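Chemist: So I've got this file, upload_11.csv, and it contains CSV, C-alpha atoms:
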```
chain,number,residue,atom,x,y,z
A,26,PRO,CA,1.5,-54.8,-3.9
A,27,ALA,CA,1.8,-52.0,-6.5
A,28,LEU,CA,-1.4,-50.4,-5.2
A,29,ARG,CA,-0.2,-50.7,-1.6
A,30,PHE,CA,3.1,-49.1,-2.5
A,31,PHE,CA,1.3,-46.2,-4.3
A,32,PHE,CA,-0.9,-45.4,-1.3
A,33,PHE,CA,2.1,-45.6,1.1
A,34,PHE,CA,4.2,-43.3,-1.1
A,35,PHE,CA,1.2,-40.8,-1.4
A,36,PHE,CA,0.8,-40.9,2.5
A,37,CYS,CA,4.5,-40.2,3.1
A,38,VAL,CA,4.6,-37.3,0.6
A,39,SER,CA,1.5,-35.6,2.2
A,40,ARG,CA,3.0,-36.0,5.7
A,41,ARG,CA,6.3,-34.5,4.7
A,42,LYS,CA,4.5,-31.5,3.2
A,43,HIS,CA,2.4,-30.9,6.2
A,44,LEU,CA,5.2,-31.1,8.8
A,45,ASN,CA,7.9,-29.6,6.6
A,46,TRP,CA,10.3,-32.4,7.4
A,47,ASN,CA,13.6,-32.7,5.7
A,48,TRP,CA,13.3,-36.0,3.7
A,49,THR,CA,17.1,-36.5,3.6
A,50,ASP,CA,18.0,-35.2,7.0
A,51,THR,CA,16.6,-36.9,10.1
A,52,ARG,CA,17.4,-33.9,12.2
A,53,GLY,CA,14.2,-32.3,10.8
A,54,LEU,CA,12.2,-34.8,12.9
A,55,GLN,CA,13.6,-33.2,16.0
A,56,GLN,CA,12.6,-29.6,15.2
A,57,THR,CA,10.2,-28.0,17.5
A,58,CYS,CA,6.7,-27.9,16.0
A,59,TRP,CA,4.0,-25.5,16.9
A,60,LYS,CA,0.6,-25.7,15.3
A,61,GLY,CA,2.1,-28.1,12.7
A,62,ILE,CA,4.7,-25.6,11.6
A,63,SER,CA,8.4,-26.5,11.9
A,64,PHE,CA,10.7,-23.6,12.9
A,65,GLY,CA,14.0,-24.8,11.6
A,66,ASP,CA,15.9,-21.5,11.4
A,67,GLU,CA,16.0,-18.1,13.0
A,68,GLU,CA,14.9,-16.2,9.8
A,69,LYS,CA,11.7,-18.3,9.4
A,70,ARG,CA,10.9,-17.9,13.1
A,71,ARG,CA,11.0,-14.1,12.8
A,72,ARG,CA,8.7,-14.2,9.8
A,73,GLU,CA,6.2,-16.3,11.7
A,74,ILE,CA,6.4,-13.9,14.7
A,75,GLY,CA,5.6,-11.0,12.3
A,76,ARG,CA,2.6,-12.8,10.8
A,77,GLU,CA,1.3,-13.6,14.3
A,78,ILE,CA,1.7,-10.0,15.3
A,79,VAL,CA,-0.3,-8.8,12.3
A,80,ALA,CA,-3.0,-11.5,13.0
A,81,MET,CA,-3.4,-10.4,16.6
A,82,ALA,CA,-3.2,-6.6,16.3
A,83,PRO,CA,-6.5,-4.7,16.4
A,84,LYS,CA,-7.6,-3.2,13.1
A,85,SER,CA,-6.9,0.3,14.5
A,86,SER,CA,-3.2,-0.6,14.5
A,87,PHE,CA,-2.9,-0.7,10.8
A,88,ALA,CA,-2.9,2.1,8.3
A,89,SER,CA,-5.7,1.8,5.7
A,90,PRO,CA,-4.4,0.9,2.3
A,91,CYS,CA,-3.6,3.8,0.0
A,92,PRO,CA,-6.2,3.7,-2.8
A,93,ASP,CA,-4.0,5.8,-5.2
A,94,GLY,CA,-0.6,4.5,-4.2
A,95,ASP,CA,1.6,2.0,-5.9
A,96,GLU,CA,1.4,-1.7,-5.3
A,97,ALA,CA,4.0,-1.6,-2.5
A,98,SER,CA,2.1,1.2,-0.7
A,99,ARG,CA,-1.2,-0.6,-1.0
A,100,GLY,CA,0.2,-3.8,0.5
A,101,SER,CA,2.1,-2.1,3.4
A,102,LYS,CA,0.8,-2.2,7.0
A,103,GLU,CA,1.9,-0.3,10.0
A,104,VAL,CA,2.2,-2.4,13.1
A,105,ASN,CA,1.8,-0.9,16.5
A,106,VAL,CA,3.2,-3.2,19.1
A,107,SER,CA,1.0,-3.3,22.2
A,108,GLU,CA,2.0,-5.1,25.4
A,109,GLN,CA,-0.2,-8.1,24.6
A,110,ILE,CA,1.4,-8.5,21.2
A,111,LEU,CA,4.9,-8.3,22.9
A,112,LEU,CA,3.8,-11.1,25.2
A,113,ARG,CA,2.9,-13.3,22.3
A,114,ALA,CA,6.2,-12.5,20.6
A,115,ILE,CA,8.3,-13.6,23.6
A,116,CYS,CA,6.6,-17.0,23.5
A,117,TRP,CA,9.0,-18.0,20.7
A,118,ASP,CA,12.3,-16.6,21.9
A,119,THR,CA,12.4,-16.9,25.7
A,120,LYS,CA,12.3,-19.7,28.2
A,121,PHE,CA,8.5,-19.2,28.4
A,122,LYS,CA,7.8,-20.3,24.9
A,123,ASN,CA,5.9,-23.4,26.0
A,124,LYS,CA,3.7,-21.6,28.5
A,125,PRO,CA,0.2,-20.3,27.7
A,126,ILE,CA,-0.2,-16.5,27.4
A,127,GLU,CA,-1.8,-16.2,30.9
A,128,GLU,CA,1.3,-17.7,32.5
A,129,VAL,CA,3.7,-15.6,30.4
A,130,GLU,CA,1.9,-12.4,31.6
A,131,GLU,CA,2.6,-13.3,35.2
A,132,VAL,CA,6.3,-13.8,34.6
A,133,MET,CA,7.0,-10.9,32.2
A,134,ALA,CA,9.0,-9.1,34.8
A,135,GLN,CA,11.6,-11.9,34.5
A,136,VAL,CA,12.2,-11.5,30.8
A,137,THR,CA,15.8,-10.3,30.1
A,138,HIS,CA,16.1,-10.5,26.3
A,139,LEU,CA,13.4,-9.4,23.9
A,140,LYS,CA,14.1,-10.0,20.2
A,141,LEU,CA,11.9,-8.2,17.7
A,142,HIS,CA,14.4,-7.4,15.0
A,143,GLY,CA,13.9,-7.8,11.3
A,144,LEU,CA,10.2,-8.6,11.5
A,145,SER,CA,8.0,-8.9,8.4
A,146,PRO,CA,5.8,-6.8,8.3
A,147,ALA,CA,8.2,-4.4,10.0
A,148,LEU,CA,7.3,-2.7,13.3
A,149,THR,CA,6.5,1.0,13.2
A,150,ARG,CA,5.7,1.7,16.9
A,151,VAL,CA,6.7,0.4,20.3
A,152,ASP,CA,4.6,2.1,22.9
A,153,ASP,CA,4.8,0.4,26.3
A,154,LEU,CA,7.4,-1.9,27.9
A,155,LYS,CA,6.7,-0.9,31.5
A,156,ARG,CA,6.2,-4.5,32.7
A,157,PHE,CA,9.5,-5.7,31.4
A,158,LYS,CA,11.4,-4.5,34.4
A,159,ALA,CA,14.2,-7.1,34.2
A,160,LEU,CA,14.9,-6.4,30.5
A,161,SER,CA,18.6,-6.2,29.8
A,162,SER,CA,18.8,-6.4,26.0
A,163,LEU,CA,16.3,-5.1,23.6
A,164,TYR,CA,16.6,-5.9,19.8
A,165,LEU,CA,14.5,-3.7,17.6
A,166,TYR,CA,16.9,-3.1,14.6
A,167,ASP,CA,15.9,-3.6,11.0
A,168,ASN,CA,12.3,-2.4,11.3
A,169,LYS,CA,10.6,0.9,10.4
A,170,ILE,CA,10.0,2.2,13.9
A,171,SER,CA,9.3,5.9,14.0
A,172,TYR,CA,8.0,6.1,17.6
A,173,LEU,CA,9.5,4.5,20.7
A,174,GLY,CA,7.8,5.1,24.0
A,175,SER,CA,9.6,5.8,27.2
A,176,LEU,CA,12.0,3.1,28.4
A,177,ALA,CA,12.5,4.7,31.9
A,178,THR,CA,10.9,1.7,33.6
A,179,CYS,CA,13.5,-0.7,32.1
A,180,LYS,CA,16.1,0.1,34.7
A,181,ALA,CA,18.1,-3.1,34.1
A,182,LEU,CA,18.5,-2.4,30.3
A,183,THR,CA,22.2,-2.6,29.3
A,184,HIS,CA,22.1,-3.1,25.5
A,185,LEU,CA,19.7,-1.3,23.1
A,186,TYR,CA,19.8,-2.1,19.4
A,187,LEU,CA,17.8,0.4,17.3
A,188,GLN,CA,19.8,0.7,14.1
A,189,ASN,CA,18.1,0.9,10.7
A,190,ASN,CA,14.8,2.4,11.7
A,191,GLU,CA,13.0,5.7,11.2
A,192,LEU,CA,13.6,7.4,14.6
A,193,GLU,CA,14.2,11.1,14.6
A,194,SER,CA,15.2,11.7,18.2
A,195,THR,CA,17.1,10.2,21.1
A,196,GLU,CA,15.0,12.1,23.6
A,197,MET,CA,13.1,9.0,24.8
A,198,ILE,CA,16.4,7.4,26.0
A,199,GLN,CA,16.6,8.7,29.6
A,200,SER,CA,16.9,7.5,33.1
A,201,LEU,CA,18.6,4.2,32.2
A,202,PRO,CA,21.3,4.0,34.8
A,203,ASN,CA,22.6,0.6,33.6
A,204,LEU,CA,22.6,1.2,29.8
A,205,LYS,CA,26.1,0.5,28.4
A,206,LYS,CA,25.7,0.2,24.7
A,207,LEU,CA,23.4,2.2,22.4
A,208,TYR,CA,23.2,1.4,18.7
A,209,MET,CA,21.2,4.0,16.6
A,210,ASP,CA,23.0,3.9,13.2
A,211,CYS,CA,21.0,4.5,10.1
A,212,ASN,CA,18.0,6.4,11.5
A,213,ARG,CA,16.9,10.0,11.0
A,214,VAL,CA,18.4,11.7,14.1
A,215,SER,CA,19.6,15.3,13.5
A,216,ARG,CA,20.2,16.3,17.1
A,217,VAL,CA,21.5,14.2,20.0
A,218,SER,CA,19.5,15.0,23.1
A,219,GLY,CA,18.1,13.2,26.1
A,220,LEU,CA,20.5,10.6,27.6
A,221,TYR,CA,20.0,12.2,31.0
A,222,GLY,CA,20.4,9.6,33.7
A,223,CYS,CA,22.4,7.3,31.4
A,224,SER,CA,25.5,7.6,33.6
A,225,ALA,CA,26.9,4.1,32.7
A,226,LEU,CA,26.8,4.5,28.9
A,227,GLU,CA,30.1,3.3,27.4
A,228,GLU,CA,29.4,3.1,23.7
A,229,LEU,CA,27.3,5.4,21.4
A,230,HIS,CA,26.9,4.4,17.7
A,231,LEU,CA,25.2,7.0,15.5
A,232,SER,CA,26.7,6.6,12.0
A,233,ASP,CA,24.9,7.4,8.7
A,234,GLN,CA,21.8,9.2,9.9
A,235,ARG,CA,19.4,9.8,7.0
A,236,ILE,CA,19.2,13.6,7.4
A,237,ASP,CA,18.8,16.3,4.7
A,238,PRO,CA,21.8,17.3,2.7
A,239,GLY,CA,23.6,20.2,4.3
A,240,VAL,CA,22.2,19.4,7.7
A,241,SER,CA,24.8,18.6,10.4
A,242,LEU,CA,24.3,16.2,13.3
A,243,GLU,CA,24.2,18.4,16.4
A,244,PHE,CA,24.9,17.6,20.1
A,245,ASN,CA,23.1,19.0,23.1
A,246,ASN,CA,25.6,20.2,25.8
A,247,GLY,CA,23.6,18.8,28.7
A,248,SER,CA,23.3,15.4,27.0
A,249,LEU,CA,27.1,15.1,26.5
A,250,THR,CA,27.7,16.3,30.1
A,251,SER,CA,25.4,13.5,31.3
A,252,ILE,CA,27.5,10.8,29.7
A,253,GLY,CA,30.8,12.5,29.9
A,254,GLY,CA,32.0,10.5,32.9
A,255,SER,CA,31.4,7.1,31.3
A,256,LEU,CA,31.4,7.2,27.4
A,257,LYS,CA,34.5,5.5,26.0
A,258,VAL,CA,33.5,4.7,22.4
A,259,PHE,CA,31.8,7.3,20.1
A,260,ILE,CA,31.2,6.3,16.4
A,261,ALA,CA,29.4,8.8,14.2
A,262,GLN,CA,30.5,8.4,10.6
A,263,GLY,CA,28.8,10.1,7.7
A,264,ASN,CA,26.7,12.8,9.5
A,265,ASN,CA,27.9,16.1,7.9
A,266,ILE,CA,29.5,17.0,11.3
A,267,THR,CA,31.6,20.2,11.0
A,268,ASP,CA,32.7,20.9,14.6
A,269,VAL,CA,33.8,18.5,17.4
A,270,GLY,CA,34.5,21.2,20.0
A,271,LYS,CA,31.6,20.0,22.2
A,272,LEU,CA,33.3,16.6,22.6
A,273,VAL,CA,35.5,18.2,25.3
A,274,ALA,CA,32.8,17.2,27.8
A,275,LEU,CA,33.6,13.5,27.0
A,276,ARG,CA,36.8,13.2,29.0
A,277,GLU,CA,36.8,9.4,29.2
A,278,LEU,CA,36.8,8.8,25.4
A,279,GLU,CA,39.1,6.0,24.2
A,280,GLU,CA,37.8,5.5,20.7
A,281,VAL,CA,36.4,8.1,18.3
A,282,ASP,CA,35.4,7.6,14.7
A,283,PHE,CA,34.1,10.7,12.9
A,284,SER,CA,35.1,9.5,9.4
A,285,ARG,CA,33.2,10.8,6.3
A,286,ASN,CA,32.1,14.1,7.9
A,287,HIS,CA,32.8,17.8,7.0
A,288,ILE,CA,35.3,18.7,9.7
A,289,ASP,CA,37.4,21.5,8.1
A,290,GLU,CA,38.9,23.4,11.1
A,291,SER,CA,41.6,22.3,13.4
A,292,GLU,CA,40.7,24.3,16.5
A,293,GLY,CA,37.9,22.1,17.6
A,294,LEU,CA,40.0,19.0,17.1
A,295,LYS,CA,43.0,20.5,19.1
A,296,GLU,CA,40.6,21.3,21.9
A,297,MET,CA,39.3,17.8,21.9
A,298,PHE,CA,42.9,16.4,21.9
A,299,SER,CA,43.8,18.5,25.0
A,300,GLN,CA,40.7,17.4,27.0
A,301,CYS,CA,40.4,13.8,25.9
A,302,GLN,CA,43.7,12.5,27.2
A,303,LYS,CA,42.6,8.8,27.3
A,304,LEU,CA,42.1,8.6,23.5
A,305,ARG,CA,43.6,5.4,22.0
A,306,ARG,CA,42.0,5.2,18.6
A,307,LEU,CA,41.0,8.2,16.4
A,308,SER,CA,39.7,8.3,12.8
A,309,ILE,CA,38.8,11.4,10.9
A,310,LEU,CA,39.3,9.9,7.4
A,311,GLY,CA,37.3,11.5,4.6
A,312,ASN,CA,37.2,14.9,6.2
A,313,PRO,CA,38.5,18.1,4.5
A,314,ILE,CA,40.9,18.7,7.4
A,315,CYS,CA,42.9,15.7,6.3
A,316,ARG,CA,43.7,17.5,3.1
A,317,THR,CA,44.2,21.0,4.3
A,318,SER,CA,46.2,20.4,7.5
A,319,ARG,CA,49.3,18.3,7.3
A,320,SER,CA,50.0,18.8,11.0
A,321,ILE,CA,46.8,17.4,12.4
A,322,GLU,CA,48.2,14.0,12.9
A,323,ALA,CA,51.3,15.3,14.6
A,324,ASP,CA,49.1,17.4,16.9
A,325,ALA,CA,47.0,14.4,17.9
A,326,ILE,CA,50.1,12.2,18.6
A,327,LEU,CA,51.9,14.9,20.6
A,328,THR,CA,48.8,15.8,22.7
A,329,CYS,CA,47.2,12.4,23.2
A,330,THR,CA,50.1,10.5,24.8
A,331,LEU,CA,48.1,7.2,24.8
A,332,LEU,CA,47.1,7.3,21.2
A,333,GLU,CA,47.7,3.9,19.5
A,334,GLU,CA,46.0,4.4,16.2
A,335,PHE,CA,45.3,7.4,13.9
A,336,ASN,CA,43.2,7.1,10.8
A,337,ASN,CA,43.5,3.3,10.9
A,338,LYS,CA,47.3,3.4,11.1
A,339,GLU,CA,49.3,2.3,14.1
A,340,VAL,CA,51.2,5.0,16.0
A,341,THR,CA,54.5,3.2,16.7
A,342,HIS,CA,57.0,4.2,19.3
A,343,GLN,CA,59.4,5.2,16.6
A,344,LYS,CA,56.9,7.4,14.9
A,345,ARG,CA,56.0,9.2,18.1
A,346,LYS,CA,59.7,9.7,18.9
A,347,CYS,CA,60.3,11.2,15.4
A,348,ILE,CA,57.4,13.6,15.7
A,349,GLN,CA,58.6,14.7,19.2
A,350,MET,CA,62.1,15.4,17.9
A,351,MET,CA,60.7,17.5,15.0
A,352,SER,CA,58.5,19.4,17.4
A,353,THR,CA,61.5,20.1,19.6
A,354,ARG,CA,63.6,21.4,16.7
A,355,LYS,CA,60.8,23.6,15.5
A,356,ALA,CA,60.4,25.1,19.0
A,357,LYS,CA,64.1,26.0,19.2
A,358,LYS,CA,63.9,27.9,15.9
```
Could you show the structure in this file as structure tokens?
Modeler:
Amino acid sequence: PALRFFFFFFFCVSRRKHLNWNWTDTRGLQQTCWKGISFGDEEKRRREIGREIVAMAPKSSFASPCPDGDEASRGSKEVNVSEQILLRAICWDTKFKNKPIEEVEEVMAQVTHLKLHGLSPALTRVDDLKRFKALSSLYLYDNKISYLGSLATCKALTHLYLQNNELESTEMIQSLPNLKKLYMDCNRVSRVSGLYGCSALEELHLSDQRIDPGVSLEFNNGSLTSIGGSLKVFIAQGNNITDVGKLVALRELEEVDFSRNHIDESEGLKEMFSQCQKLRRLSILGNPICRTSRSIEADAILTCTLLEEFNNKEVTHQKRKCIQMMSTRKAKK
């Protein structure tokens, strides 16, 4: 009996290790297994996707190891995501996950959500998404992407997540008539351009671009005009911005957050106040203008009649009335 118990125990332990079952939680037995590997959580699934991408990518997709670099450099690989690799990736996170690759290719045009965020190793290029015509949400954040091909064929795209990458331009984001939300925080963008044909864009997030000290984030006039009739939320904290005068083209703005910039003149702000009459929330905290001009808050409240919040503080009816009375007295003098 002791010998039989020993062999039974050894068999159970070896099976547990192979299938990655949770010995104390029977729910582990219900986890979906693929090739003997249990994907119990989202983080582990993303890691496995990354490993599979590296295994399938052609050798030309990788940078050759640096012979003189440090250990981290020698171990890094640049992953160029081809269409075939993307097909394999969606096998895990879409309704086609149980189909062979041939069948997935036939139905790619139906894929609506593509999740390739936070992969290990990180993606560095995304070249071609032309067959993903029904794509509505694309998740590419938390990688090292420095090149993103044209997305013009993804006409159904509504949400694009590109934050925390190495992108230096927004030029590739054009002709997306249904795009509503664009997240590009923590990249290397120094000039906002492109965006032509993005007439439905409602939210633009561009905070904390990793640009050189002293360089200010700039805006192309044509790009702002293209989204001027739809943009409601513009968040661009920590980008060394000095002038907001060009924002007068964004007449539908309801929320603006330009905190932690270098805005030091009131003229551009006053012009924005007069043209952006739908503003409800405005934050310019951490800018020099907040220290040098005591009247900037009063100007904003008097000009933007719908303003509900200024620098994270509520604009109450009593406060507005008090400022209006002070302004009237000053005018009579």
Chemist: For a test of reading the model, state the distance in Å between CA of Asn212 (chain A) and CA of Phe244 (chain A), rounded to one decimal.
Modeler: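 So the two atoms, CA of Asn212 (chain A) and CA of Phe244 (chain A), lie 15.7 Å apart.
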Chemist: Kindly indicate which residue among A:Thr195, A:Ser255, A:Gln188, A:Thr183 lies nearest to Lys169 (chain A), using all atoms listed in the file for the distances.
Modeler: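 The closest residue to Lys169 (chain A) is A:Gln188.
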Chemist: What gap, in Å, lies between CA of Asn286 (chain A) and CA of Leu332 (chain A)?
Modeler: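 Pair CA of Asn286 (chain A) / CA of Leu332 (chain A) returns 21.2 Å.
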Chemist: Which of these residues is nearest to Leu173 (chain A), using only C-alpha atoms: A:Ile326, A:Arg150, A:Lys158, A:Asn189?
Modeler: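 Nearest to Leu173 (chain A): A:Arg150.
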Chemist: What's the 12 Å shell around Leu294 (chain A), counting only C-alpha atoms, without same-chain residues fewer than 3 positions away, as a ChimeraX atom specification?
Modeler: /A:267-273,281,283,288-291,297-301,307-309,312,314-315,318,320-322,324-325,328-329
